[in-house]
>>> print(open('work-v9.txt').read())   # compact mmCIF, C-alpha atoms
# COMPACT_ATOMS: atom_id res chain seq x y z
CA MET A 1 25.70 -0.87 -5.66
CA LYS A 2 25.14 -2.60 -8.95
CA ARG A 3 25.04 -5.98 -7.28
CA ASN A 4 22.22 -4.80 -5.06
CA GLY A 5 20.11 -3.76 -8.03
CA PRO A 6 18.16 -7.00 -8.39
CA LEU A 7 17.51 -7.13 -4.66
CA ILE A 8 16.25 -3.54 -4.71
CA THR A 9 13.99 -4.45 -7.63
CA LEU A 10 12.51 -7.32 -5.62
CA LEU A 11 12.04 -5.17 -2.54
CA ALA A 12 10.44 -2.41 -4.61
CA GLY A 13 7.94 -4.92 -5.96
CA LEU A 14 7.26 -6.18 -2.46
CA ALA A 15 6.79 -2.64 -1.19
CA LEU A 16 4.40 -1.84 -4.04
CA ALA A 17 2.41 -4.98 -3.28
CA ALA A 18 2.30 -4.06 0.41
CA VAL A 19 1.02 -0.58 -0.39
CA LEU A 20 -1.67 -1.93 -2.71
CA ILE A 21 -2.81 -4.53 -0.20
CA THR A 22 -2.91 -1.91 2.53
CA VAL A 23 -5.05 0.37 0.37
CA ASN A 24 -7.29 -2.56 -0.51
CA LEU A 25 -7.70 -3.55 3.12
CA THR A 26 -8.61 -0.05 4.26
CA VAL A 27 -11.04 0.48 1.40
CA THR A 28 -12.68 -2.91 1.86
CA ALA A 29 -12.97 -2.30 5.58
CA ARG A 30 -14.63 1.04 4.99
CA GLY A 31 -17.06 -0.45 2.48
CA GLY A 32 -17.87 -3.18 4.97
CA GLY A 33 -19.82 -0.74 7.10
CA ASP A 34 -22.86 -1.23 4.90
CA PRO A 35 -25.62 -3.23 6.52
CA ASP A 36 -25.55 -6.57 4.84
CA PRO A 37 -28.26 -9.12 5.53
CA ALA A 38 -26.60 -12.46 6.03
CA GLY A 39 -28.66 -14.48 3.64
CA PHE A 40 -25.56 -16.26 2.47
CA GLY A 41 -22.75 -17.30 4.72
CA ALA A 42 -20.13 -15.53 2.70
CA ALA A 43 -21.45 -12.05 3.05
CA PRO A 44 -20.66 -10.61 6.44
CA ALA A 45 -17.43 -12.30 7.42
CA THR A 46 -15.37 -11.23 4.43
CA THR A 47 -14.95 -7.72 5.67
CA ALA A 48 -14.61 -8.61 9.31
CA PRO A 49 -10.95 -9.75 9.22
CA ALA A 50 -10.04 -6.67 7.23
CA ALA A 51 -11.68 -4.44 9.79
CA SER A 52 -10.04 -6.12 12.75
CA ALA A 53 -6.59 -6.40 11.22
CA PRO A 54 -4.46 -3.28 11.20
CA PRO A 55 -3.99 -1.86 7.70
CA SER A 56 -0.32 -2.70 7.80
CA ALA A 57 -1.04 -6.40 8.16
CA ALA A 58 1.05 -8.45 5.77
CA PRO A 59 -0.57 -10.92 3.37
CA SER A 60 0.38 -13.74 5.71
CA ALA A 61 -1.74 -12.23 8.47
CA GLU A 62 -4.69 -11.96 6.13
CA ALA A 63 -4.14 -15.51 4.95
CA SER A 64 -4.50 -16.83 8.46
CA ALA A 65 -7.93 -15.25 8.83
CA ALA A 66 -10.74 -17.74 9.01
CA PRO A 67 -11.63 -18.93 5.52
CA VAL A 68 -15.21 -18.24 4.54
CA ALA A 69 -17.34 -20.36 2.24
CA LYS A 70 -17.42 -19.01 -1.29
CA VAL A 71 -20.76 -18.00 -2.69
CA ASN A 72 -22.80 -20.65 -4.48
CA ALA A 73 -26.28 -19.65 -5.53
CA THR A 74 -28.64 -19.22 -8.44
CA TRP A 75 -31.27 -16.51 -8.71
CA ALA A 76 -33.81 -16.28 -11.52
CA GLY A 77 -36.92 -14.36 -12.35
CA THR A 78 -38.51 -11.62 -14.35
CA VAL A 79 -37.05 -8.14 -14.39
CA ASP A 80 -39.09 -5.18 -13.13
CA GLY A 81 -41.70 -4.32 -15.73
CA GLY A 82 -41.68 -7.84 -17.14
CA GLY A 83 -39.81 -7.14 -20.36
CA ALA A 84 -37.13 -9.76 -19.87
CA THR A 85 -36.00 -12.65 -17.71
CA ILE A 86 -32.75 -12.82 -15.83
CA ALA A 87 -30.79 -15.61 -14.19
CA ILE A 88 -27.59 -15.30 -12.19
CA ALA A 89 -25.65 -18.46 -11.46
CA VAL A 90 -22.80 -18.25 -8.96
CA THR A 91 -20.27 -21.02 -8.46
CA ASP A 92 -17.56 -20.43 -5.87
CA GLY A 93 -17.96 -16.70 -6.19
CA VAL A 94 -17.81 -16.70 -9.99
CA ALA A 95 -21.01 -15.23 -11.32
CA VAL A 96 -22.57 -15.66 -14.74
CA ALA A 97 -25.73 -13.76 -15.58
CA TYR A 98 -28.02 -14.11 -18.55
CA LEU A 99 -30.71 -11.63 -19.46
CA CYS A 100 -33.00 -12.36 -22.39
CA ASP A 101 -36.46 -11.68 -23.73
CA GLY A 102 -37.02 -15.12 -25.21
CA LYS A 103 -37.25 -13.69 -28.71
CA LYS A 104 -34.04 -12.12 -29.89
CA ALA A 105 -32.45 -9.95 -27.22
CA GLU A 106 -29.92 -11.48 -24.91
CA VAL A 107 -26.90 -10.51 -22.82
CA TRP A 108 -24.34 -12.75 -21.16
CA LEU A 109 -22.38 -11.26 -18.29
CA GLN A 110 -19.58 -12.58 -16.16
CA GLY A 111 -18.07 -11.41 -12.92
CA THR A 112 -18.03 -12.02 -9.24
CA ALA A 113 -20.39 -12.42 -6.33
CA ALA A 114 -18.77 -11.75 -3.00
CA ALA A 115 -19.48 -9.94 0.23
CA GLY A 116 -23.10 -9.45 -0.74
CA LYS A 117 -22.24 -7.66 -3.95
CA LEU A 118 -22.63 -8.58 -7.59
CA ALA A 119 -20.31 -7.10 -10.20
CA LEU A 120 -20.50 -8.47 -13.73
CA THR A 121 -19.61 -7.26 -17.19
CA GLY A 122 -20.47 -8.43 -20.67
CA LYS A 123 -19.79 -7.66 -24.29
CA ASN A 124 -20.15 -4.13 -25.64
CA GLY A 125 -19.94 -2.54 -22.22
CA ALA A 126 -22.82 -4.47 -20.69
CA LYS A 127 -22.79 -4.23 -16.92
CA LEU A 128 -24.61 -5.71 -13.96
CA THR A 129 -24.30 -4.37 -10.45
CA GLY A 130 -26.32 -5.44 -7.49
CA THR A 131 -26.52 -6.94 -4.07
CA PHE A 132 -27.65 -10.28 -2.74
CA GLY A 133 -28.68 -11.81 0.52
CA GLY A 134 -31.69 -13.25 2.26
CA GLY A 135 -32.54 -15.53 -0.66
CA LYS A 136 -32.76 -12.86 -3.31
CA ALA A 137 -30.66 -10.70 -5.57
CA THR A 138 -31.36 -7.11 -6.52
CA GLY A 139 -29.64 -4.97 -9.05
CA THR A 140 -29.40 -3.17 -12.34
CA VAL A 141 -28.34 -4.30 -15.79
CA THR A 142 -27.28 -1.88 -18.48
CA ALA A 143 -26.68 -3.15 -21.98
CA ASN A 144 -27.07 -1.82 -25.51
CA GLY A 145 -28.14 1.56 -24.15
CA ARG A 146 -30.99 0.07 -22.12
CA LYS A 147 -31.43 -0.44 -18.43
CA TRP A 148 -33.28 -3.04 -16.42
CA THR A 149 -33.75 -3.35 -12.69
CA PHE A 150 -34.53 -6.62 -11.01
CA THR A 151 -35.24 -8.34 -7.75
CA VAL A 152 -35.20 -12.08 -8.21
CA LYS A 153 -35.39 -15.02 -5.85
CA ALA A 154 -33.03 -17.91 -5.32
CA VAL A 155 -34.02 -21.00 -7.27
CA ALA A 156 -33.02 -24.64 -7.09
CA LYS A 157 -32.50 -27.29 -9.74
CA PRO A 158 -33.93 -28.00 -12.21
CA SER A 159 -34.65 -24.28 -12.28
CA GLY A 160 -31.70 -22.15 -13.17
CA LEU A 161 -29.43 -21.12 -15.99
CA TYR A 162 -28.46 -23.43 -18.86
CA ARG A 163 -26.14 -22.88 -21.77
CA ALA A 164 -25.13 -24.81 -24.86
CA THR A 165 -22.40 -24.01 -27.34
CA ALA A 166 -21.79 -26.00 -30.48
CA THR A 167 -20.86 -25.81 -34.10
CA VAL A 168 -23.64 -27.05 -36.34
CA ARG A 169 -22.81 -27.30 -40.03
CA ASN A 170 -20.08 -24.66 -39.62
CA ALA A 171 -22.46 -22.30 -37.84
CA LYS A 172 -21.60 -21.23 -34.33
CA VAL A 173 -24.52 -21.94 -32.05
CA VAL A 174 -24.80 -20.45 -28.58
CA GLY A 175 -27.96 -21.02 -26.62
CA GLY A 176 -29.06 -19.73 -23.25
CA TRP A 177 -32.04 -20.90 -21.24
CA ILE A 178 -33.55 -19.72 -18.00
CA VAL A 179 -35.76 -22.32 -16.39
CA LEU A 180 -38.10 -20.75 -13.84
CA PRO A 181 -39.55 -22.48 -10.79
CA ASP A 182 -43.00 -22.64 -12.42
CA GLY A 183 -41.50 -24.63 -15.28
CA ARG A 184 -41.48 -21.82 -17.78
CA GLN A 185 -38.44 -21.56 -20.02
CA VAL A 186 -37.07 -18.40 -21.57
CA GLY A 187 -34.21 -18.69 -23.99
CA VAL A 188 -32.52 -17.41 -27.07
CA VAL A 189 -30.30 -19.29 -29.48
CA THR A 190 -27.89 -17.40 -31.67
CA VAL A 191 -26.78 -19.11 -34.86
CA ASP A 192 -23.78 -17.27 -36.27
CA ASP A 193 -24.74 -14.24 -34.20
CA VAL A 194 -28.35 -14.22 -35.45
CA PRO A 195 -30.63 -14.56 -32.41
CA GLN A 196 -33.87 -16.51 -32.45
CA PRO A 197 -36.26 -17.93 -29.84
CA ALA A 198 -34.82 -21.06 -28.31
CA PRO A 199 -36.64 -24.38 -28.50
CA ALA A 200 -37.43 -25.85 -25.09
CA ILE A 201 -34.87 -28.01 -23.38
CA ASP A 202 -35.57 -31.08 -21.32
CA PRO A 203 -34.78 -29.67 -17.84
CA GLY A 204 -33.79 -33.10 -16.61
CA THR A 205 -31.19 -33.87 -19.22
CA GLY A 206 -30.65 -30.55 -20.99
CA ALA A 207 -31.38 -32.20 -24.34
CA VAL A 208 -32.53 -29.87 -27.09
CA THR A 209 -32.65 -29.86 -30.86
CA VAL A 210 -31.26 -26.76 -32.57
CA GLU A 211 -31.06 -26.48 -36.36
CA GLY A 212 -31.77 -30.20 -36.59
CA ALA A 213 -28.81 -31.07 -34.39
CA ALA A 214 -29.11 -32.66 -30.97
CA LEU A 215 -27.37 -30.52 -28.35
CA THR A 216 -27.11 -30.68 -24.61
CA ALA A 217 -27.59 -27.56 -22.54
CA ALA A 218 -25.59 -27.73 -19.33
CA PRO A 219 -26.23 -25.85 -16.10
CA VAL A 220 -23.88 -22.89 -15.94
CA THR A 221 -21.24 -23.47 -13.26
CA GLY A 222 -18.36 -21.07 -13.15
CA ALA A 223 -16.87 -18.91 -15.85
CA LEU A 224 -18.07 -19.21 -19.41
CA SER A 225 -15.65 -20.79 -21.80
CA GLY A 226 -15.33 -21.22 -25.50
CA ASN A 227 -17.42 -18.30 -26.64
CA MET B 1 34.34 -3.22 -7.20
CA SER B 2 37.02 -5.83 -7.05
CA GLU B 3 34.88 -8.82 -7.84
CA THR B 4 36.28 -8.99 -11.35
CA THR B 5 39.58 -10.08 -9.88
CA ARG B 6 38.00 -12.94 -8.03
CA ARG B 7 37.84 -16.12 -10.03
CA ALA B 8 35.18 -18.26 -8.42
CA ARG B 9 34.83 -21.94 -9.06
CA VAL B 10 31.87 -22.67 -11.35
CA SER B 11 29.25 -24.47 -9.34
CA ALA B 12 25.48 -24.64 -9.20
CA THR B 13 25.44 -24.75 -5.40
CA GLY B 14 25.00 -20.99 -5.33
CA LEU B 15 21.53 -21.56 -6.74
CA TYR B 16 20.26 -23.39 -3.67
CA VAL B 17 19.30 -20.31 -1.68
CA PRO B 18 17.65 -18.45 -4.61
CA LEU B 19 15.74 -21.59 -5.58
CA LEU B 20 14.61 -22.13 -2.02
CA LEU B 21 13.41 -18.55 -1.66
CA GLY B 22 11.74 -18.70 -5.06
CA ALA B 23 9.92 -21.83 -3.97
CA VAL B 24 8.84 -20.03 -0.79
CA VAL B 25 7.43 -17.19 -2.89
CA THR B 26 5.56 -19.55 -5.20
CA VAL B 27 4.08 -21.60 -2.38
CA THR B 28 3.19 -18.50 -0.35
CA LEU B 29 1.28 -16.98 -3.27
CA GLY B 30 -0.53 -20.23 -3.97
CA VAL B 31 -1.48 -20.74 -0.33
CA TYR B 32 -2.57 -17.14 0.09
CA GLY B 33 -4.63 -17.31 -3.11
CA SER B 34 -6.32 -20.48 -1.89
CA VAL B 35 -6.90 -19.53 1.73
CA HIS B 36 -7.84 -15.88 1.44
CA THR B 37 -11.51 -15.49 0.56
CA PRO B 38 -11.66 -13.51 -2.68
CA THR B 39 -13.32 -10.19 -2.08
CA GLY B 40 -14.42 -9.83 -5.69
CA ILE B 41 -13.44 -6.19 -5.55
CA ALA B 42 -10.25 -4.25 -5.19
CA VAL B 43 -9.07 -0.71 -5.62
CA ASN B 44 -9.45 0.50 -9.16
CA VAL B 45 -6.91 2.47 -11.14
CA ALA B 46 -8.22 5.75 -12.48
CA GLY B 47 -8.74 6.07 -16.19
CA PHE B 48 -10.00 2.60 -16.93
CA SER B 49 -13.54 1.26 -17.03
CA GLY B 50 -12.90 -1.50 -14.54
CA PRO B 51 -10.32 -3.55 -12.70
CA GLN B 52 -10.26 -6.16 -15.43
CA THR B 53 -9.34 -3.68 -18.15
CA VAL B 54 -6.63 -2.19 -15.93
CA LYS B 55 -5.13 -5.62 -15.46
CA VAL B 56 -5.42 -6.48 -19.12
CA TRP B 57 -3.44 -3.40 -20.12
CA LEU B 58 -0.88 -3.55 -17.33
CA ALA B 59 -0.23 -7.18 -18.23
CA SER B 60 0.01 -6.29 -21.90
CA GLY B 61 2.54 -3.59 -21.07
CA ALA B 62 4.55 -6.12 -19.11
CA ALA B 63 4.33 -8.62 -21.96
CA LEU B 64 5.56 -6.02 -24.42
CA LEU B 65 8.48 -5.17 -22.16
CA ALA B 66 9.15 -8.88 -21.83
CA LEU B 67 9.71 -8.98 -25.58
CA VAL B 68 12.20 -6.12 -25.12
CA GLN B 69 13.78 -8.29 -22.43
CA LEU B 70 14.11 -11.22 -24.79
CA VAL B 71 15.67 -9.19 -27.60
CA SER B 72 18.01 -7.23 -25.32
CA ALA B 73 19.07 -10.45 -23.60
CA PHE B 74 19.95 -11.97 -26.95
CA ALA B 75 21.93 -8.82 -27.76
CA MET B 76 23.76 -8.93 -24.42
CA TRP B 77 24.81 -12.49 -25.12
CA GLY B 78 26.15 -11.44 -28.51
CA LYS B 79 23.54 -13.21 -30.58
CA PHE B 80 23.20 -10.23 -32.89
CA GLY B 81 26.91 -9.70 -33.43
CA GLU B 82 30.07 -9.20 -31.45
CA HIS B 83 29.58 -5.51 -30.83
CA VAL B 84 27.11 -4.95 -28.02
CA PRO B 85 26.01 -1.32 -27.61
CA SER B 86 26.55 0.04 -24.11
CA TRP B 87 22.90 0.97 -23.69
CA ILE B 88 21.69 -2.62 -24.02
CA GLY B 89 22.50 -3.42 -20.40
CA PRO B 90 20.57 -0.50 -18.89
CA LEU B 91 17.74 -1.13 -21.38
CA HIS B 92 17.51 -4.73 -20.22
CA ARG B 93 17.64 -3.79 -16.53
CA TRP B 94 15.10 -1.00 -16.71
CA SER B 95 12.62 -2.67 -19.03
CA GLY B 96 12.74 -5.64 -16.70
CA ARG B 97 12.21 -3.53 -13.60
CA ILE B 98 9.27 -1.70 -15.13
CA ALA B 99 7.76 -4.93 -16.46
CA PHE B 100 8.01 -6.48 -12.99
CA LEU B 101 6.46 -3.45 -11.31
CA LEU B 102 3.60 -3.53 -13.85
CA THR B 103 2.85 -7.13 -12.91
CA VAL B 104 2.64 -6.41 -9.19
CA PRO B 105 -0.74 -4.58 -9.17
CA VAL B 106 -2.13 -7.26 -11.46
CA ALA B 107 -1.00 -10.01 -9.10
CA VAL B 108 -2.31 -8.18 -6.05
CA HIS B 109 -5.72 -7.82 -7.68
CA CYS B 110 -5.70 -11.45 -8.82
CA LEU B 111 -4.82 -12.74 -5.39
CA TYR B 112 -6.90 -10.32 -3.36
CA ALA B 113 -10.07 -10.17 -5.43
CA LEU B 114 -10.11 -13.49 -7.28
CA GLY B 115 -7.82 -15.98 -5.54
CA PHE B 116 -6.33 -19.23 -6.78
CA ALA B 117 -9.01 -20.47 -9.16
CA THR B 118 -9.65 -23.83 -10.78
CA TYR B 119 -12.91 -23.22 -12.64
CA ASP B 120 -11.48 -24.37 -15.94
CA THR B 121 -8.19 -25.15 -17.61
CA ARG B 122 -7.48 -21.51 -18.39
CA THR B 123 -7.93 -20.19 -14.86
CA LEU B 124 -6.07 -23.15 -13.37
CA ALA B 125 -3.18 -22.65 -15.77
CA HIS B 126 -3.21 -18.92 -15.09
CA SER B 127 -3.18 -19.43 -11.32
CA LEU B 128 -0.28 -21.87 -11.50
CA LEU B 129 1.68 -19.72 -13.95
CA GLY B 130 1.16 -16.68 -11.73
CA CYS B 131 2.52 -18.38 -8.63
CA PHE B 132 5.49 -19.77 -10.53
CA PHE B 133 6.21 -16.50 -12.32
CA PHE B 134 6.97 -14.60 -9.13
CA GLY B 135 8.92 -17.54 -7.78
CA ALA B 136 11.01 -17.74 -10.96
CA PHE B 137 11.51 -13.99 -10.97
CA THR B 138 12.74 -14.15 -7.37
CA VAL B 139 15.22 -16.86 -8.31
CA LYS B 140 16.42 -14.83 -11.27
CA MET B 141 16.90 -11.67 -9.20
CA LEU B 142 18.71 -13.47 -6.40
CA SER B 143 20.93 -15.33 -8.84
CA LEU B 144 21.99 -12.25 -10.81
CA PRO B 145 24.53 -10.89 -8.30
CA LYS B 146 26.00 -14.31 -7.57
CA ARG B 147 29.34 -15.13 -9.13
CA GLY B 148 30.56 -18.49 -10.25
CA LEU B 149 27.23 -19.87 -11.34
CA PRO B 150 27.11 -22.10 -14.42
CA GLY B 151 26.77 -20.30 -17.74
CA TRP B 152 23.29 -21.70 -18.36
CA THR B 153 21.87 -20.15 -15.19
CA LEU B 154 20.72 -16.77 -16.45
CA PRO B 155 19.49 -17.87 -19.90
CA LEU B 156 17.54 -20.68 -18.26
CA LEU B 157 16.03 -18.50 -15.54
CA GLY B 158 15.39 -15.60 -17.89
CA GLY B 159 13.78 -17.95 -20.38
CA ALA B 160 11.62 -19.44 -17.64
CA VAL B 161 10.48 -16.01 -16.44
CA PHE B 162 9.75 -14.94 -20.03
CA THR B 163 7.83 -18.13 -20.83
CA LEU B 164 5.78 -17.90 -17.64
CA LEU B 165 4.86 -14.28 -18.30
CA MET B 166 3.85 -15.06 -21.87
CA GLY B 167 1.72 -17.93 -20.58
CA LEU B 168 0.13 -15.55 -18.09
CA TRP B 169 -0.58 -13.02 -20.79
CA LEU B 170 -2.08 -15.61 -23.13
CA THR B 171 -4.35 -17.01 -20.42
CA SER B 172 -5.57 -13.56 -19.35
CA SER B 173 -5.15 -10.53 -21.59
CA PHE B 174 -5.18 -12.43 -24.88
CA TRP B 175 -8.19 -14.38 -23.69
CA TYR B 176 -9.87 -11.13 -22.68
CA PHE B 177 -9.16 -9.45 -26.01
CA THR B 178 -10.47 -12.40 -28.00
CA THR B 179 -13.40 -13.27 -25.72
CA ILE B 180 -14.66 -9.98 -24.41
CA GLY B 181 -13.03 -7.49 -26.76
CA VAL B 182 -10.39 -4.80 -26.80
CA ARG B 183 -11.58 -2.24 -24.29
CA PHE B 184 -10.05 0.41 -22.07
>>> encode(input="work-v9.txt", output="structure tokens")
Amino acid sequence: MKRNGPLITLLAGLALAAVLITVNLTVTARGGGDPDPAGFGAAPATTAPAASAPPSAAPSAEASAAPVAKVNATWAGTVDGGGATIAIAVTDGVAVAYLCDGKKAEVWLQGTAAAGKLALTGKNGAKLTGTFGGGKATGTVTANGRKWTFTVKAVAKPSGLYRATATVRNAKVVGGWIVLPDGRQVGVVTVDDVPQPAPAIDPGTGAVTVEGAALTAAPVTGALSGN
Amino acid sequence: MSETTRRARVSATGLYVPLLLGAVVTVTLGVYGSVHTPTGIAVNVAGFSGPQTVKVWLASGAALLALVQLVSAFAMWGKFGEHVPSWIGPLHRWSGRIAFLLTVPVAVHCLYALGFATYDTRTLAHSLLGCFFFGAFTVKMLSLPKRGLPGWTLPLLGGAVFTLLMGLWLTSSFWYFTTIGVRF
């Protein structure tokens, strides 16, 4: 009996994993009933294999389902009411959103964009939920006790979301810029957590001078690092 | 229970099958994580604000139990004195089992909702560590009942499993605590 212990442990883990995957598959399949405009290739197909496969399907069965392109898109624009600007940059399903007023308020959020849904979180309980498809993204941001709703369009370079992080004379500098299709820029730079309006970047190169130091703002691709 | 009377020849050949199966586990997880399109969502555990916080705390629980594993393993091998209390063995077995079971929901969420990711060094390292962790754990479990393995087998495998789990924790929970904050 004792010698079987490790094997039982392994099988218990496998069984637990199977149960969780089964629950996931059934829940995802149920959620997939929502009408989902196929603006982006990733949206509709993700739930299809789950719906067609029996819930008991092992991971290997799921793995053989046709792979679907991961979401890559950027949406940017003004939130409803015009109080702030938002940009959401998605690289391979990893979403980074930035909401700021160009003066001193800003929120960075990170999460995922998949199956037509956006789910991002940020510091201090900030949250973004929404949907996307058909060249636009719609949703709600809650942060610092406030709430914004938005419907913004897909944009292409050089429009989009830019970010720069640096240490300038021992001060931690984090800058975020949203470049809109009409060329407008909205950004905030925080120097040691004190926010201020961001100087304009060169959209072509990302070059910008902050606190007398030359920085380069890079387009946001994938998860934020070093913050 | 007559295996104590058997005196097997010490040889590492008994490790072939566990190592092979461990490799199968590692490769399967990696391939599944790469091929399966991440859904971005998965079933949430009640009581937490989101799937990420659930994972962070489950993984932290597993990491804590892994420390218990390390200490109890040292005790079992007599590193803290000749006298080994009888409860050390069960403590080691059960803390290990619970730690392993805690990691399973985390891994399922990682693989199902996020997939094998290479956005940056942290996620790449985490993805690789995750695949290897379950492979190494499989090898450890399958090697445990085998007799006649070299004396370095279990310390090496246990150390590998421990190191991989700590790497996983550092690249996920610790990163989350220091980057996003301690939240429930």
>>> closest_residue(input="work-v9.txt", among="B:Ser11, B:Leu101, B:Ser172, B:Trp87", to="B:Thr153", atoms="all atoms listed in the file")
B:Ser11
>>> residues_around(input="work-v9.txt", residues="stretch 140-145 of chain A", least_positions_apart="4", cutoff="10 Å", atoms="only C-alpha atoms", output="VMD selection string")
chain A and resid 79 to 80 86 97 99 105 to 109 118 120 to 131 149 to 151
>>> closest_residue(input="work-v9.txt", among="A:Leu224, A:Val189, A:Ala87, A:Ala171", to="chain B", atoms="only C-alpha atoms")
A:Leu224
>>> closest_residue(input="work-v9.txt", among="B:Trp169, B:Tyr32, B:Phe137, B:Phe184", to="B:Arg97", atoms="all atoms listed in the file")
B:Phe137
>>> closest_residue(input="work-v9.txt", among="A:Gly187, A:Gly175, A:Gly116, A:Gly82", to="A:Glu211", atoms="all atoms listed in the file")
A:Gly175
>>> closest_residue(input="work-v9.txt", among="A:Leu180, A:Ala214, A:Ala115, A:Ala15", to="chain B", atoms="all atoms listed in the file")
A:Ala115
>>> atom_distance(input="work-v9.txt", atom1="atom CA of B:Cys110", atom2="atom CA of A:Gly139")
24.8 Å
>>> closest_residue(input="work-v9.txt", among="A:Thr112, A:Lys104, A:Ala119, A:Thr138", to="A:Val191", atoms="all atoms listed in the file")
A:Lys104
>>> decode(input="work-v9.txt", residues="stretch 108-171 of chain B", atoms="C-alpha atoms", output="JSON list (two decimals), in the first residue's frame")
[["chain", "number", "residue", "atom", "x", "y", "z"],
["B", 108, "VAL", "CA", -4.56, 24.17, -15.28],
["B", 109, "HIS", "CA", -5.36, 27.88, -15.29],
["B", 110, "CYS", "CA", -1.93, 28.75, -16.68],
["B", 111, "LEU", "CA", -2.19, 26.23, -19.48],
["B", 112, "TYR", "CA", -5.86, 26.70, -20.26],
["B", 113, "ALA", "CA", -6.20, 30.47, -19.99],
["B", 114, "LEU", "CA", -2.69, 31.74, -20.73],
["B", 115, "GLY", "CA", -0.67, 29.07, -22.52],
["B", 116, "PHE", "CA", 3.06, 28.73, -23.01],
["B", 117, "ALA", "CA", 4.17, 32.36, -23.18],
["B", 118, "THR", "CA", 7.37, 34.01, -24.32],
["B", 119, "TYR", "CA", 6.54, 37.71, -23.97],
["B", 120, "ASP", "CA", 9.55, 38.40, -21.80],
["B", 121, "THR", "CA", 12.20, 36.61, -19.80],
["B", 122, "ARG", "CA", 9.94, 36.17, -16.80],
["B", 123, "THR", "CA", 7.05, 34.53, -18.63],
["B", 124, "LEU", "CA", 9.40, 32.39, -20.70],
["B", 125, "ALA", "CA", 11.23, 31.24, -17.58],
["B", 126, "HIS", "CA", 7.93, 30.62, -15.83],
["B", 127, "SER", "CA", 6.56, 28.58, -18.74],
["B", 128, "LEU", "CA", 9.68, 26.44, -18.92],
["B", 129, "LEU", "CA", 9.87, 25.97, -15.15],
["B", 130, "GLY", "CA", 6.20, 24.98, -15.07],
["B", 131, "CYS", "CA", 6.60, 22.27, -17.69],
["B", 132, "PHE", "CA", 9.73, 20.92, -16.04],
["B", 133, "PHE", "CA", 8.24, 21.05, -12.54],
["B", 134, "PHE", "CA", 5.51, 18.55, -13.31],
["B", 135, "GLY", "CA", 7.95, 16.40, -15.24],
["B", 136, "ALA", "CA", 10.40, 16.40, -12.32],
["B", 137, "PHE", "CA", 7.60, 15.71, -9.86],
["B", 138, "THR", "CA", 6.49, 12.73, -11.96],
["B", 139, "VAL", "CA", 10.03, 11.37, -11.95],
["B", 140, "LYS", "CA", 10.27, 11.83, -8.20],
["B", 141, "MET", "CA", 6.96, 10.07, -7.55],
["B", 142, "LEU", "CA", 7.74, 7.17, -9.85],
["B", 143, "SER", "CA", 11.22, 6.77, -8.39],
["B", 144, "LEU", "CA", 10.10, 6.73, -4.76],
["B", 145, "PRO", "CA", 8.79, 3.15, -4.66],
["B", 146, "LYS", "CA", 11.72, 1.77, -6.64],
["B", 147, "ARG", "CA", 14.36, -0.11, -4.72],
["B", 148, "GLY", "CA", 18.04, -0.28, -5.48],
["B", 149, "LEU", "CA", 18.39, 3.20, -6.88],
["B", 150, "PRO", "CA", 21.58, 5.13, -6.13],
["B", 151, "GLY", "CA", 21.59, 7.10, -2.88],
["B", 152, "TRP", "CA", 21.68, 10.44, -4.69],
["B", 153, "THR", "CA", 18.41, 9.79, -6.52],
["B", 154, "LEU", "CA", 15.88, 11.19, -4.06],
["B", 155, "PRO", "CA", 17.93, 14.17, -2.82],
["B", 156, "LEU", "CA", 18.65, 15.12, -6.42],
["B", 157, "LEU", "CA", 15.06, 14.74, -7.60],
["B", 158, "GLY", "CA", 13.62, 16.34, -4.49],
["B", 159, "GLY", "CA", 16.06, 19.22, -4.82],
["B", 160, "ALA", "CA", 15.14, 19.64, -8.47],
["B", 161, "VAL", "CA", 11.42, 19.69, -7.69],
["B", 162, "PHE", "CA", 11.99, 22.17, -4.85],
["B", 163, "THR", "CA", 14.18, 24.45, -6.97],
["B", 164, "LEU", "CA", 11.71, 24.41, -9.87],
["B", 165, "LEU", "CA", 8.79, 25.27, -7.60],
["B", 166, "MET", "CA", 10.72, 28.12, -6.00],
["B", 167, "GLY", "CA", 11.60, 29.41, -9.46],
["B", 168, "LEU", "CA", 7.93, 29.21, -10.40],
["B", 169, "TRP", "CA", 6.92, 31.09, -7.29],
["B", 170, "LEU", "CA", 9.53, 33.80, -7.81],
["B", 171, "THR", "CA", 8.50, 34.33, -11.44]]
